[in-house]
Every structure is written in structure tokens, then in C-alpha cells.
file coords-v5.cif (mmCIF, C-alpha atoms and all ligand atoms)
data_entry
loop_
_atom_site.label_atom_id
_atom_site.label_comp_id
_atom_site.auth_asym_id
_atom_site.auth_seq_id
_atom_site.Cartn_x
_atom_site.Cartn_y
_atom_site.Cartn_z
CA MET A 25 -62.36 -71.54 -16.45
CA LYS A 26 -59.74 -68.82 -16.53
CA PRO A 27 -59.09 -66.89 -13.32
CA ASP A 28 -60.78 -63.57 -12.71
CA ILE A 29 -58.86 -60.40 -13.42
CA TRP A 30 -58.41 -57.55 -10.98
CA PHE A 31 -59.48 -54.49 -12.96
CA ASN A 32 -59.39 -51.01 -11.42
CA GLY A 33 -60.01 -52.36 -7.95
CA GLU A 34 -62.58 -55.06 -8.66
CA PHE A 35 -62.55 -58.65 -9.80
CA VAL A 36 -64.13 -59.18 -13.18
CA SER A 37 -64.40 -62.42 -15.11
CA HIS A 38 -61.77 -63.18 -17.74
CA GLU A 39 -64.31 -62.51 -20.52
CA ASP A 40 -65.43 -59.18 -19.09
CA ALA A 41 -61.96 -57.65 -18.74
CA GLN A 42 -62.25 -55.61 -21.95
CA VAL A 43 -60.95 -52.28 -23.28
CA HIS A 44 -62.33 -50.02 -26.01
CA VAL A 45 -60.68 -50.06 -29.45
CA LEU A 46 -60.16 -46.31 -29.18
CA SER A 47 -58.13 -46.65 -25.97
CA HIS A 48 -54.89 -44.69 -26.20
CA VAL A 49 -52.87 -47.84 -25.54
CA ILE A 50 -54.19 -49.60 -28.66
CA HIS A 51 -52.98 -46.81 -30.92
CA TYR A 52 -49.83 -45.65 -29.21
CA GLY A 53 -48.57 -48.56 -27.09
CA SER A 54 -48.94 -46.55 -23.91
CA SER A 55 -48.77 -49.19 -21.22
CA VAL A 56 -46.32 -50.22 -18.54
CA PHE A 57 -46.34 -53.70 -17.10
CA GLU A 58 -44.67 -56.29 -14.93
CA GLY A 59 -44.14 -60.00 -15.02
CA ILE A 60 -43.83 -61.79 -11.69
CA ARG A 61 -43.79 -65.45 -10.77
CA CYS A 62 -45.54 -67.13 -7.89
CA TYR A 63 -44.08 -70.53 -7.02
CA GLU A 64 -45.58 -73.53 -5.31
CA THR A 65 -43.86 -74.26 -1.99
CA GLU A 66 -44.59 -76.41 1.05
CA ARG A 67 -45.76 -73.27 2.81
CA GLY A 68 -48.20 -72.39 0.03
CA PRO A 69 -47.83 -70.15 -3.02
CA ALA A 70 -44.89 -67.74 -2.77
CA VAL A 71 -44.42 -64.61 -4.89
CA PHE A 72 -40.84 -63.85 -5.85
CA ARG A 73 -39.71 -60.27 -5.13
CA LEU A 74 -43.19 -58.78 -5.25
CA GLU A 75 -42.22 -55.43 -3.79
CA GLU A 76 -39.34 -54.87 -6.26
CA HIS A 77 -41.54 -55.70 -9.23
CA MET A 78 -44.31 -53.38 -8.13
CA GLN A 79 -41.81 -50.61 -7.41
CA ARG A 80 -40.49 -51.03 -10.96
CA LEU A 81 -44.07 -50.74 -12.21
CA LEU A 82 -44.43 -47.45 -10.35
CA ASP A 83 -41.08 -46.29 -11.74
CA SER A 84 -42.08 -47.17 -15.30
CA ALA A 85 -45.35 -45.28 -14.81
CA LYS A 86 -43.51 -42.27 -13.42
CA VAL A 87 -41.32 -42.00 -16.51
CA TYR A 88 -44.47 -41.90 -18.66
CA ARG A 89 -46.23 -39.44 -16.31
CA MET A 90 -48.98 -41.94 -15.54
CA GLU A 91 -50.61 -41.34 -12.21
CA ILE A 92 -51.59 -44.70 -10.77
CA PRO A 93 -54.32 -44.16 -8.18
CA TYR A 94 -52.91 -46.88 -5.89
CA THR A 95 -49.98 -46.95 -3.50
CA LEU A 96 -47.26 -49.55 -3.60
CA ASP A 97 -48.86 -51.32 -0.63
CA GLU A 98 -52.27 -51.33 -2.26
CA LEU A 99 -50.82 -52.80 -5.44
CA ASN A 100 -48.94 -55.48 -3.51
CA THR A 101 -52.14 -56.40 -1.70
CA ALA A 102 -54.06 -56.48 -4.98
CA VAL A 103 -51.55 -58.95 -6.43
CA VAL A 104 -51.77 -61.21 -3.39
CA GLU A 105 -55.58 -61.06 -3.48
CA THR A 106 -55.65 -61.89 -7.18
CA ILE A 107 -53.58 -65.00 -6.54
CA GLU A 108 -55.69 -65.98 -3.53
CA HIS A 109 -58.83 -65.46 -5.56
CA SER A 110 -57.53 -67.60 -8.43
CA GLY A 111 -56.80 -70.57 -6.20
CA LEU A 112 -53.73 -71.37 -8.33
CA PRO A 113 -50.83 -72.97 -6.44
CA ALA A 114 -48.33 -71.36 -8.85
CA CYS A 115 -48.76 -68.74 -11.55
CA TYR A 116 -47.30 -65.95 -13.63
CA ILE A 117 -48.64 -62.53 -12.65
CA ARG A 118 -49.11 -59.73 -15.15
CA PRO A 119 -49.91 -56.30 -13.70
CA VAL A 120 -50.48 -53.75 -16.47
CA VAL A 121 -51.22 -50.03 -16.34
CA PHE A 122 -52.42 -48.36 -19.51
CA ARG A 123 -53.80 -45.19 -21.00
CA GLY A 124 -57.44 -45.85 -21.72
CA GLU A 125 -60.34 -43.80 -22.94
CA GLY A 126 -60.22 -40.08 -23.58
CA PRO A 127 -59.34 -37.82 -26.47
CA MET A 128 -57.71 -39.29 -29.58
CA GLY A 129 -54.25 -38.06 -30.50
CA VAL A 130 -50.80 -38.64 -29.18
CA ASN A 131 -51.11 -36.50 -26.04
CA PRO A 132 -52.08 -38.99 -23.31
CA LEU A 133 -52.42 -36.56 -20.43
CA ASP A 134 -56.23 -36.49 -20.51
CA ASN A 135 -56.71 -40.23 -20.98
CA THR A 136 -57.62 -42.55 -18.15
CA VAL A 137 -54.94 -44.56 -16.37
CA ASP A 138 -56.34 -48.06 -15.93
CA THR A 139 -54.80 -50.85 -13.89
CA ALA A 140 -55.30 -54.57 -14.28
CA ILE A 141 -53.72 -57.66 -12.73
CA ALA A 142 -54.06 -61.04 -14.40
CA VAL A 143 -52.65 -64.43 -13.42
CA TRP A 144 -52.16 -67.58 -15.45
CA GLU A 145 -50.16 -70.76 -15.41
CA TRP A 146 -46.98 -70.36 -17.43
CA GLY A 147 -44.49 -73.18 -17.95
CA GLN A 148 -40.98 -72.92 -19.35
CA TYR A 149 -40.70 -69.77 -21.43
CA LEU A 150 -37.92 -70.88 -23.77
CA GLY A 151 -39.08 -74.43 -24.43
CA GLU A 152 -39.54 -77.57 -22.38
CA GLU A 153 -35.95 -78.69 -22.24
CA ALA A 154 -34.43 -75.21 -22.05
CA LEU A 155 -33.48 -75.21 -18.37
CA GLU A 156 -31.51 -78.42 -18.69
CA LYS A 157 -30.29 -78.52 -22.28
CA GLY A 158 -29.93 -74.83 -23.04
CA VAL A 159 -31.17 -72.88 -26.04
CA ASP A 160 -29.87 -71.95 -29.48
CA VAL A 161 -29.91 -68.19 -30.06
CA GLU A 162 -28.72 -65.59 -32.56
CA VAL A 163 -27.45 -62.05 -32.38
CA ALA A 164 -30.41 -59.99 -33.53
CA SER A 165 -30.16 -57.74 -36.57
CA TRP A 166 -32.42 -55.25 -34.79
CA ASN A 167 -30.66 -53.22 -32.11
CA ARG A 168 -31.95 -52.34 -28.70
CA MET A 169 -33.28 -48.76 -28.64
CA ALA A 170 -30.70 -45.98 -28.55
CA PRO A 171 -30.43 -43.96 -25.34
CA ASN A 172 -32.68 -40.93 -25.46
CA THR A 173 -35.12 -42.55 -27.86
CA PHE A 174 -37.14 -44.79 -25.53
CA PRO A 175 -36.35 -45.07 -21.83
CA ALA A 176 -34.90 -48.56 -21.53
CA MET A 177 -35.41 -48.74 -17.78
CA ALA A 178 -39.18 -48.39 -18.13
CA LYS A 179 -40.91 -51.67 -18.85
CA ALA A 180 -43.31 -50.16 -21.35
CA GLY A 181 -45.59 -51.93 -23.80
CA GLY A 182 -44.25 -49.98 -26.78
CA ASN A 183 -40.72 -51.27 -26.19
CA TYR A 184 -41.93 -54.72 -27.03
CA LEU A 185 -42.56 -53.84 -30.68
CA ASN A 186 -38.78 -53.87 -30.96
CA ALA A 187 -38.62 -57.04 -28.85
CA SER A 188 -41.19 -58.82 -31.01
CA LEU A 189 -39.22 -58.02 -34.20
CA VAL A 190 -36.23 -59.68 -32.55
CA LYS A 191 -38.23 -62.67 -31.39
CA MET A 192 -40.02 -63.19 -34.71
CA ASN A 193 -36.75 -63.19 -36.64
CA ALA A 194 -35.22 -65.64 -34.19
CA VAL A 195 -38.14 -68.02 -34.54
CA LYS A 196 -38.16 -67.72 -38.34
CA ASN A 197 -34.45 -68.52 -38.28
CA GLY A 198 -35.05 -71.62 -36.16
CA LYS A 199 -33.60 -70.08 -32.98
CA MET A 200 -35.21 -69.71 -29.60
CA GLU A 201 -34.22 -66.09 -28.95
CA GLY A 202 -32.29 -63.09 -30.22
CA ILE A 203 -29.63 -61.15 -28.33
CA MET A 204 -29.81 -57.44 -29.04
CA LEU A 205 -26.80 -55.18 -29.31
CA THR A 206 -26.79 -51.52 -28.38
CA THR A 207 -26.69 -49.01 -31.24
CA ASP A 208 -22.91 -48.79 -30.72
CA GLY A 209 -22.56 -52.52 -31.01
CA TYR A 210 -22.21 -53.84 -27.46
CA VAL A 211 -24.23 -56.69 -26.03
CA ALA A 212 -27.46 -55.57 -24.36
CA GLU A 213 -29.96 -58.36 -23.67
CA GLY A 214 -32.49 -60.79 -25.10
CA SER A 215 -35.97 -59.76 -26.22
CA GLY A 216 -37.26 -60.66 -22.77
CA GLU A 217 -34.20 -61.61 -20.71
CA ASN A 218 -30.95 -60.25 -19.35
CA LEU A 219 -27.74 -62.05 -20.21
CA PHE A 220 -24.78 -63.32 -18.18
CA LEU A 221 -21.42 -64.45 -19.49
CA VAL A 222 -19.00 -66.69 -17.58
CA LYS A 223 -15.30 -66.55 -18.44
CA ASP A 224 -12.57 -68.03 -16.25
CA GLU A 225 -14.99 -68.36 -13.30
CA THR A 226 -15.88 -64.65 -13.41
CA LEU A 227 -19.37 -63.46 -14.29
CA TYR A 228 -20.00 -60.55 -16.61
CA THR A 229 -23.22 -58.77 -17.45
CA ALA A 230 -24.07 -55.60 -19.33
CA PRO A 231 -24.39 -52.41 -17.26
CA SER A 232 -27.57 -50.33 -17.23
CA SER A 233 -25.85 -47.88 -19.60
CA SER A 234 -26.10 -50.61 -22.26
CA THR A 235 -29.86 -49.86 -22.49
CA ILE A 236 -30.96 -52.98 -20.63
CA LEU A 237 -34.04 -53.45 -18.54
CA PRO A 238 -32.61 -53.70 -15.01
CA GLY A 239 -33.92 -57.17 -14.36
CA ILE A 240 -34.94 -58.37 -10.94
CA THR A 241 -33.77 -61.91 -11.74
CA ARG A 242 -30.46 -60.38 -12.86
CA ASP A 243 -30.18 -58.63 -9.51
CA SER A 244 -31.05 -61.88 -7.71
CA VAL A 245 -28.47 -63.90 -9.62
CA ILE A 246 -25.81 -61.28 -8.84
CA ALA A 247 -26.63 -61.64 -5.13
CA LEU A 248 -26.61 -65.45 -5.31
CA ALA A 249 -23.30 -65.46 -7.18
CA GLU A 250 -21.68 -63.02 -4.75
CA ALA A 251 -22.80 -65.18 -1.85
CA ARG A 252 -21.00 -68.11 -3.49
CA GLY A 253 -17.76 -66.18 -3.84
CA TYR A 254 -17.90 -65.36 -7.55
CA SER A 255 -16.73 -62.00 -8.74
CA ILE A 256 -19.19 -60.21 -10.99
CA GLU A 257 -18.38 -57.37 -13.29
CA GLU A 258 -20.90 -55.12 -14.99
CA LYS A 259 -19.12 -54.12 -18.15
CA ARG A 260 -19.64 -53.47 -21.81
CA ILE A 261 -19.48 -56.78 -23.66
CA ALA A 262 -18.32 -57.13 -27.27
CA ARG A 263 -20.22 -59.42 -29.61
CA GLU A 264 -17.30 -61.84 -30.05
CA GLU A 265 -17.00 -62.25 -26.28
CA LEU A 266 -20.27 -64.15 -26.58
CA TYR A 267 -18.71 -66.67 -28.93
CA LEU A 268 -15.63 -67.04 -26.72
CA ALA A 269 -17.46 -67.39 -23.40
CA ASP A 270 -17.15 -70.48 -21.22
CA GLU A 271 -20.85 -70.24 -20.41
CA LEU A 272 -23.77 -67.96 -21.22
CA PHE A 273 -27.19 -67.83 -19.66
CA PHE A 274 -30.34 -65.74 -19.71
CA THR A 275 -32.17 -64.49 -16.65
CA GLY A 276 -35.74 -63.27 -16.45
CA THR A 277 -38.97 -63.85 -14.63
CA ALA A 278 -40.41 -65.92 -17.45
CA ALA A 279 -37.07 -67.44 -18.55
CA GLU A 280 -35.78 -67.94 -14.95
CA VAL A 281 -32.14 -69.05 -15.42
CA THR A 282 -31.81 -70.53 -18.92
CA PRO A 283 -28.48 -71.76 -20.32
CA ILE A 284 -27.47 -70.82 -23.87
CA ARG A 285 -25.74 -73.57 -25.83
CA THR A 286 -25.10 -71.84 -29.16
CA VAL A 287 -25.02 -68.26 -30.48
CA ASP A 288 -25.07 -67.82 -34.28
CA ASP A 289 -24.23 -71.55 -34.43
CA TYR A 290 -21.03 -71.07 -32.42
CA GLU A 291 -20.92 -73.65 -29.65
CA ILE A 292 -20.61 -71.93 -26.27
CA GLY A 293 -18.13 -73.75 -24.05
CA ARG A 294 -19.01 -77.41 -24.49
CA GLY A 295 -22.37 -76.63 -26.03
CA LYS A 296 -24.33 -77.60 -22.95
CA ARG A 297 -25.25 -76.20 -19.55
CA GLY A 298 -22.03 -75.30 -17.74
CA PRO A 299 -21.20 -75.83 -14.05
CA VAL A 300 -21.50 -72.19 -12.97
CA THR A 301 -24.87 -71.87 -14.69
CA LYS A 302 -26.01 -75.07 -12.99
CA GLU A 303 -24.86 -73.89 -9.58
CA LEU A 304 -26.68 -70.56 -9.89
CA GLN A 305 -29.75 -72.19 -11.38
CA ASP A 306 -29.90 -74.59 -8.42
CA ALA A 307 -29.44 -71.71 -5.99
CA PHE A 308 -32.24 -69.76 -7.67
CA PHE A 309 -34.68 -72.66 -7.70
CA ASP A 310 -33.85 -73.52 -4.13
CA VAL A 311 -34.96 -70.05 -2.99
CA VAL A 312 -38.08 -69.80 -5.13
CA GLN A 313 -39.22 -73.28 -4.24
CA GLY A 314 -39.23 -72.38 -0.57
CA GLY A 315 -35.70 -73.18 0.59
CA GLU A 316 -33.68 -70.76 2.68
CA ASP A 317 -34.54 -67.17 1.89
CA PRO A 318 -31.93 -64.96 3.57
CA HIS A 319 -32.89 -61.93 1.46
CA ASP A 320 -36.58 -62.16 2.28
CA TRP A 321 -37.49 -62.48 -1.39
CA LEU A 322 -40.68 -64.48 -0.95
CA THR A 323 -44.18 -63.27 -0.09
CA PHE A 324 -46.40 -66.14 0.98
CA VAL A 325 -50.02 -66.27 -0.11
CA ASP A 326 -52.90 -68.03 1.64
CA VAL A 327 -55.19 -69.81 -0.71
CA PRO A 328 -58.65 -70.09 0.86
CA GLU A 329 -60.61 -73.24 0.10
CA GLU A 330 -63.45 -71.43 -1.61
CA ALA A 331 -61.03 -69.78 -4.07
CA GLY A 332 -61.81 -70.05 -7.72
CA VAL A 333 -63.60 -67.95 -10.28
CA THR A 334 -66.84 -66.03 -10.21
CA THR A 335 -69.56 -67.50 -12.35
N1 LIG B 401 -35.12 -57.63 -20.29
C1 LIG B 401 -36.32 -57.54 -20.91
C2 LIG B 401 -36.41 -56.79 -22.18
C3 LIG B 401 -37.43 -58.15 -20.34
O1 LIG B 401 -38.61 -58.07 -20.94
C4 LIG B 401 -37.28 -58.88 -19.13
C5 LIG B 401 -38.46 -59.57 -18.51
C6 LIG B 401 -36.02 -58.93 -18.52
C7 LIG B 401 -34.96 -58.28 -19.13
C8 LIG B 401 -35.78 -59.62 -17.21
O2 LIG B 401 -36.33 -58.88 -16.16
P1 LIG B 401 -36.85 -59.58 -14.81
O3 LIG B 401 -38.09 -60.34 -15.16
O4 LIG B 401 -37.11 -58.44 -13.90
O5 LIG B 401 -35.76 -60.46 -14.33
N2 LIG B 401 -39.42 -60.06 -19.43
C9 LIG B 401 -40.76 -60.37 -18.99
C10 LIG B 401 -41.75 -60.51 -20.13
C11 LIG B 401 -41.70 -61.70 -20.99
C12 LIG B 401 -42.85 -61.77 -21.97
O6 LIG B 401 -42.74 -62.46 -23.01
O7 LIG B 401 -43.90 -61.15 -21.73
C13 LIG B 401 -40.77 -61.55 -18.03
O8 LIG B 401 -39.83 -62.34 -18.00
O9 LIG B 401 -41.74 -61.67 -17.30
#
call {"tool": "encode", "arguments": {"input": "coords-v5.cif", "output": "C-alpha cells", "more": "lines below"}}
Ligand code: PPE
result
Amino acid sequence: MKPDIWFNGEFVSHEDAQVHVLSHVIHYGSSVFEGIRCYETERGPAVFRLEEHMQRLLDSAKVYRMEIPYTLDELNTAVVETIEHSGLPACYIRPVVFRGEGPMGVNPLDNTVDTAIAVWEWGQYLGEEALEKGVDVEVASWNRMAPNTFPAMAKAGGNYLNASLVKMNAVKNGKMEGIMLTTDGYVAEGSGENLFLVKDETLYTAPSSSTILPGITRDSVIALAEARGYSIEEKRIAREELYLADELFFTGTAAEVTPIRTVDDYEIGRGKRGPVTKELQDAFFDVVQGGEDPHDWLTFVDVPEEAGVTT
């Protein structure tokens, strides 16, 4: 049985969480969403950076002039309740806000704004051995959107048409992921991950002006690296810097901290997970699995015994 879905303030069964085919979102991609992970710890399920994710959801909605009828606190509570209700010890959480029923046509202003929160179990995003062995990736032939075309900082459903072109090509080419460049040719990010480069013990990552999604895992890894004495520079990165890096890794909620072992068949460093990547990966997993949490990144969830699904 799949867990119930929180839908506009109520729990409905997985099967009953439906939308109409004439919903605005189906035709025009008008949704904003989040991806959050909840980890199993000795103190119960713990959500990683809940508040920051839900604030980004509100920010994405603001850009698209969607009025969500819930406050940040109400949304945070709804996420926690959805996890409690599911009874899952660990899960991926997908809050989504979309333009629903109303008039047809591009103008969304008179369509409903619907909110749903789903949870499911999600293993390693980039393959079973990815975290340890690293992944083989390519530079995508599709660019990330140009500034002033789509707002890159909004995590909007429509953006992922571009992302899925990148991902499909990568898969067809036998790679795990594609790295997108900006329209002026600098490194941006993966189809669903930010990217870090290590060169001579310094970390580099693309700035928000390189049309990236400002990732919450990216922000977390920056904090963890700073705490370990690394210097981190947000700077424009040229394509060939990828090939010449000592280490490369992706960050993202789904991807967590995933090493990259080749790009366009160039071996990165020694073609396996490097020491800096390993150190930051360990630091990340230590926090999310309930170790020391100096930044207060975890929200603990109580799972009542009667949790489960409605019948
Ligand atoms: N860039 C993009 C384009 C992106 O989609 C994500 C998350 C990130 C960067 C990393 O952001 P953050 O999760 O805040 O560290 N991608 C989500 C969706 C993946 C999917 O296939 O769906 C995710 O990781 O949840």
C-alpha cells in the first residue's frame, strides 16, 4: 500500500489523489515543487532542512504569482504530519503546488492553486554504486535556460522539460547524467544536481548568476567544507576546467553527494571518488543520519504506532 497524500489540507489515498486533464498545469507546466529527504536516525525520522525547502517553495510560488493559502509554518507542519501518517522511517518528500482547474488558456490568474505533499521511499538517485564508485557523465548539448527566459531560481515544473531532454540524452548515450552549460558556455549544473569542482584543495562551484537552482545541499556542503577549513569560491567555471579537475561531485537532495568519475570519457583525477569528496560526503551523512547537528538542520518526526494508510 502506498502512503496517503496530503491534498489541499486533507489526507487522501494514493489512488484518489487525482487532477483533471484540463488542469492548467497539464497544458502549461505551471507547478512549483520541492524535494526533501527524511532520514532514519536513532531518534526517529529526521527531515533535512525542512524550513529552507519550504521557504524555497514559497519563493518559487511568488515568482509565478501563485498564492498558496498556507503559511510556512502550516506547510512545515503538513510535511511532518504526512511523514507521521505514512509510518515510513525514511522517505523522500515531494511537496507540489500547481495551477488546477479554471479557464483554459495561458493566463493562469483565475485557475486554482492546489497543494499536495507526497512521500515515498527513494534509494540512490544516480545508481546503486554511485556514492562509492562515482558516475560517468557528459556535458549536455542542451543548455540551461538563458537569464530572462525562465527564472532559474524558481523550482518550477516547466523547467524540467529542459532537464528531461538533458537526462534522456545522457541515458541514451550510456551516461548517468548531463552537465548543462549556460548559454554563454560556462558550467551551470546537472539536470537535477549542483556541481562542485576540487582543484588544489580548493572548492569551486558556479554562482547563482550561472542560472543554477540555488541548492540546499550545495549550501550545506559549503558550510561543511568551510567548517573543515577549505576555501570555497563561487566562480564561473569553463568547460575544460571540468576535465582538468582533481575531483568533481554532484550535490542534491536526491543525489546527496555523488562523485563524478568521468566527464565526456575524460577521467577526473584518478577516475574514482577523491579524498575531499569522501570527507564531505562523510560529513554530510554524519549530520543527516543523526550525528552532531550544529546548524540545527534536522527536524525530528514522531511516528505513532497506528501510522499507516487509510483503507
Ligand atoms: N539543480 C536542479 C536543477 C535540481 O533539480 C536540484 C534538485 C538541485 C540543483 C539541487 O538542489 P537541492 O535539492 O536543494 O540540493 N533536484 C531535485 C529533483 C530530482 C528529481 O529527479 O525529481 C531533488 O534532488 O530532489
call {"tool": "residues_around", "arguments": {"input": "coords-v5.cif", "residues": "stretch 198-207 of chain A", "least_positions_apart": "6", "cutoff": "9 Å", "atoms": "all atoms listed in the file", "output": "PyMOL selection string"}}
result
chain A and resi 150-151+159-171+187+190-192+213-217+219+234-236+262-263+287-288
call {"tool": "residues_near_ligand", "arguments": {"input": "coords-v5.cif", "ligand": "ligand LIG 401 (chain B)", "cutoff": "8 Å", "atoms": "all atoms listed in the file", "output": "VMD selection string"}}
result
chain A and resid 58 to 61 77 116 118 149 179 184 187 213 to 218 236 to 243 275 to 280
call {"tool": "write_last_selection", "arguments": {"input": "coords-v5.cif", "atoms": "C-alpha atoms", "output": "PDB file, in the coordinates of the input"}}
result
ATOM      1  CA  GLU A  58     -44.670 -56.290 -14.930  1.00  0.00           C
ATOM      2  CA  GLY A  59     -44.140 -60.000 -15.020  1.00  0.00           C
ATOM      3  CA  ILE A  60     -43.830 -61.790 -11.690  1.00  0.00           C
ATOM      4  CA  ARG A  61     -43.790 -65.450 -10.770  1.00  0.00           C
ATOM      5  CA  HIS A  77     -41.540 -55.700  -9.230  1.00  0.00           C
ATOM      6  CA  TYR A 116     -47.300 -65.950 -13.630  1.00  0.00           C
ATOM      7  CA  ARG A 118     -49.110 -59.730 -15.150  1.00  0.00           C
ATOM      8  CA  TYR A 149     -40.700 -69.770 -21.430  1.00  0.00           C
ATOM      9  CA  LYS A 179     -40.910 -51.670 -18.850  1.00  0.00           C
ATOM     10  CA  TYR A 184     -41.930 -54.720 -27.030  1.00  0.00           C
ATOM     11  CA  ALA A 187     -38.620 -57.040 -28.850  1.00  0.00           C
ATOM     12  CA  GLU A 213     -29.960 -58.360 -23.670  1.00  0.00           C
ATOM     13  CA  GLY A 214     -32.490 -60.790 -25.100  1.00  0.00           C
ATOM     14  CA  SER A 215     -35.970 -59.760 -26.220  1.00  0.00           C
ATOM     15  CA  GLY A 216     -37.260 -60.660 -22.770  1.00  0.00           C
ATOM     16  CA  GLU A 217     -34.200 -61.610 -20.710  1.00  0.00           C
ATOM     17  CA  ASN A 218     -30.950 -60.250 -19.350  1.00  0.00           C
ATOM     18  CA  ILE A 236     -30.960 -52.980 -20.630  1.00  0.00           C
ATOM     19  CA  LEU A 237     -34.040 -53.450 -18.540  1.00  0.00           C
ATOM     20  CA  PRO A 238     -32.610 -53.700 -15.010  1.00  0.00           C
ATOM     21  CA  GLY A 239     -33.920 -57.170 -14.360  1.00  0.00           C
ATOM     22  CA  ILE A 240     -34.940 -58.370 -10.940  1.00  0.00           C
ATOM     23  CA  THR A 241     -33.770 -61.910 -11.740  1.00  0.00           C
ATOM     24  CA  ARG A 242     -30.460 -60.380 -12.860  1.00  0.00           C
ATOM     25  CA  ASP A 243     -30.180 -58.630  -9.510  1.00  0.00           C
ATOM     26  CA  THR A 275     -32.170 -64.490 -16.650  1.00  0.00           C
ATOM     27  CA  GLY A 276     -35.740 -63.270 -16.450  1.00  0.00           C
ATOM     28  CA  THR A 277     -38.970 -63.850 -14.630  1.00  0.00           C
ATOM     29  CA  ALA A 278     -40.410 -65.920 -17.450  1.00  0.00           C
ATOM     30  CA  ALA A 279     -37.070 -67.440 -18.550  1.00  0.00           C
ATOM     31  CA  GLU A 280     -35.780 -67.940 -14.950  1.00  0.00           C
TER      32      GLU A 280
END
call {"tool": "residues_around", "arguments": {"input": "coords-v5.cif", "residues": "A:Thr65", "least_positions_apart": "4", "cutoff": "6 Å", "atoms": "only C-alpha atoms", "output": "list in words"}}
result
Pro69, Gln313 and Gly314 of chain A
call {"tool": "closest_residue", "arguments": {"input": "coords-v5.cif", "among": "A:Gln305, A:Thr282, A:Thr101, A:Ser47", "to": "A:Ala154", "atoms": "all atoms listed in the file"}}
result
A:Thr282
call {"tool": "closest_residue", "arguments": {"input": "coords-v5.cif", "among": "A:Phe72, A:Phe122, A:Tyr63, A:Phe274", "to": "A:Glu91", "atoms": "all atoms listed in the file"}}
result
A:Phe122
call {"tool": "atom_distance", "arguments": {"input": "coords-v5.cif", "atom1": "atom CA of A:Gly298", "atom2": "atom CA of A:Glu66"}}
result
29.4 Å
call {"tool": "residues_around", "arguments": {"input": "coords-v5.cif", "residues": "A:Val103", "least_positions_apart": "6", "cutoff": "8 Å", "atoms": "all atoms listed in the file", "output": "short mmCIF file (atom, residue, chain, number, x, y, z; two decimals) with C-alpha atoms, in the coordinates of the input"}}
result
data_model
loop_
_atom_site.label_atom_id
_atom_site.label_comp_id
_atom_site.auth_asym_id
_atom_site.auth_seq_id
_atom_site.Cartn_x
_atom_site.Cartn_y
_atom_site.Cartn_z
CA ILE A 117 -48.64 -62.53 -12.65
CA PRO A 119 -49.91 -56.30 -13.70
CA ILE A 141 -53.72 -57.66 -12.73
#
call {"tool": "atom_distance", "arguments": {"input": "coords-v5.cif", "atom1": "atom CA of A:His38", "atom2": "atom CA of A:Lys26"}}
result
6.1 Å
call {"tool": "closest_residue", "arguments": {"input": "coords-v5.cif", "among": "A:Ala102, A:Ser54, A:Gly111, A:Gly253", "to": "A:Leu185", "atoms": "only C-alpha atoms"}}
result
A:Ser54
call {"tool": "closest_residue", "arguments": {"input": "coords-v5.cif", "among": "A:Gln79, A:Glu105, A:Ala85, A:Glu271", "to": "A:Ile29", "atoms": "all atoms listed in the file"}}
result
A:Glu105
call {"tool": "residues_around", "arguments": {"input": "coords-v5.cif", "residues": "stretch 180-182 of chain A", "least_positions_apart": "6", "cutoff": "12 Å", "atoms": "all atoms listed in the file", "output": "number ranges by chain"}}
result
A: 48-59, 80-88, 90, 119-123, 169, 173-174, 188, 237
call {"tool": "closest_residue", "arguments": {"input": "coords-v5.cif", "among": "A:Gly147, A:Gly293, A:Gly33, A:Gly129", "to": "A:Ala114", "atoms": "all atoms listed in the file"}}
result
A:Gly147
call {"tool": "closest_residue", "arguments": {"input": "coords-v5.cif", "among": "A:Arg297, A:His44, A:Ala249, A:Pro27", "to": "A:Glu153", "atoms": "only C-alpha atoms"}}
result
A:Arg297
call {"tool": "atom_distance", "arguments": {"input": "coords-v5.cif", "atom1": "atom CA of A:Val300", "atom2": "atom CA of A:Arg67"}}
result
29.0 Å
call {"tool": "residues_around", "arguments": {"input": "coords-v5.cif", "residues": "A:Pro231", "least_positions_apart": "3", "cutoff": "7 Å", "atoms": "only C-alpha atoms", "output": "VMD selection string"}}
result
chain A and resid 234 258 to 260
call {"tool": "residues_near_point", "arguments": {"input": "coords-v5.cif", "point": "(-53.1, -62.0, -2.2)", "cutoff": "12 Å", "atoms": "only C-alpha atoms", "output": "ChimeraX atom specification"}}
result
/A:30,62,68-71,74,97-113,117,141,143,323-328,331
call {"tool": "write_last_selection", "arguments": {"input": "coords-v5.cif", "atoms": "C-alpha atoms", "output": "short mmCIF file (atom, residue, chain, number, x, y, z; two decimals), in the coordinates of the input"}}
result
data_model
loop_
_atom_site.label_atom_id
_atom_site.label_comp_id
_atom_site.auth_asym_id
_atom_site.auth_seq_id
_atom_site.Cartn_x
_atom_site.Cartn_y
_atom_site.Cartn_z
CA TRP A 30 -58.41 -57.55 -10.98
CA CYS A 62 -45.54 -67.13 -7.89
CA GLY A 68 -48.20 -72.39 0.03
CA PRO A 69 -47.83 -70.15 -3.02
CA ALA A 70 -44.89 -67.74 -2.77
CA VAL A 71 -44.42 -64.61 -4.89
CA LEU A 74 -43.19 -58.78 -5.25
CA ASP A 97 -48.86 -51.32 -0.63
CA GLU A 98 -52.27 -51.33 -2.26
CA LEU A 99 -50.82 -52.80 -5.44
CA ASN A 100 -48.94 -55.48 -3.51
CA THR A 101 -52.14 -56.40 -1.70
CA ALA A 102 -54.06 -56.48 -4.98
CA VAL A 103 -51.55 -58.95 -6.43
CA VAL A 104 -51.77 -61.21 -3.39
CA GLU A 105 -55.58 -61.06 -3.48
CA THR A 106 -55.65 -61.89 -7.18
CA ILE A 107 -53.58 -65.00 -6.54
CA GLU A 108 -55.69 -65.98 -3.53
CA HIS A 109 -58.83 -65.46 -5.56
CA SER A 110 -57.53 -67.60 -8.43
CA GLY A 111 -56.80 -70.57 -6.20
CA LEU A 112 -53.73 -71.37 -8.33
CA PRO A 113 -50.83 -72.97 -6.44
CA ILE A 117 -48.64 -62.53 -12.65
CA ILE A 141 -53.72 -57.66 -12.73
CA VAL A 143 -52.65 -64.43 -13.42
CA THR A 323 -44.18 -63.27 -0.09
CA PHE A 324 -46.40 -66.14 0.98
CA VAL A 325 -50.02 -66.27 -0.11
CA ASP A 326 -52.90 -68.03 1.64
CA VAL A 327 -55.19 -69.81 -0.71
CA PRO A 328 -58.65 -70.09 0.86
CA ALA A 331 -61.03 -69.78 -4.07
#
call {"tool": "decode", "arguments": {"input": "coords-v5.cif", "residues": "stretch 139-158 of chain A", "atoms": "C-alpha atoms", "output": "CSV table (one decimal), in the first residue's frame"}}
result
chain,number,residue,atom,x,y,z
A,139,THR,CA,-1.1,22.0,-2.9
A,140,ALA,CA,-0.1,18.4,-2.4
A,141,ILE,CA,2.5,16.6,-0.4
A,142,ALA,CA,3.5,13.0,-1.2
A,143,VAL,CA,6.2,10.8,0.4
A,144,TRP,CA,7.8,7.6,-0.9
A,145,GLU,CA,10.9,5.6,-0.4
A,146,TRP,CA,13.7,6.6,-2.7
A,147,GLY,CA,17.1,4.9,-2.8
A,148,GLN,CA,20.2,6.2,-4.6
A,149,TYR,CA,19.2,8.6,-7.3
A,150,LEU,CA,22.2,8.0,-9.6
A,151,GLY,CA,22.5,4.3,-9.3
A,152,GLU,CA,23.3,1.8,-6.6
A,153,GLU,CA,27.1,2.2,-6.6
A,154,ALA,CA,27.1,5.9,-7.3
A,155,LEU,CA,28.0,7.2,-3.8
A,156,GLU,CA,31.1,5.0,-3.6
A,157,LYS,CA,32.2,4.5,-7.2
A,158,GLY,CA,31.1,7.7,-8.8
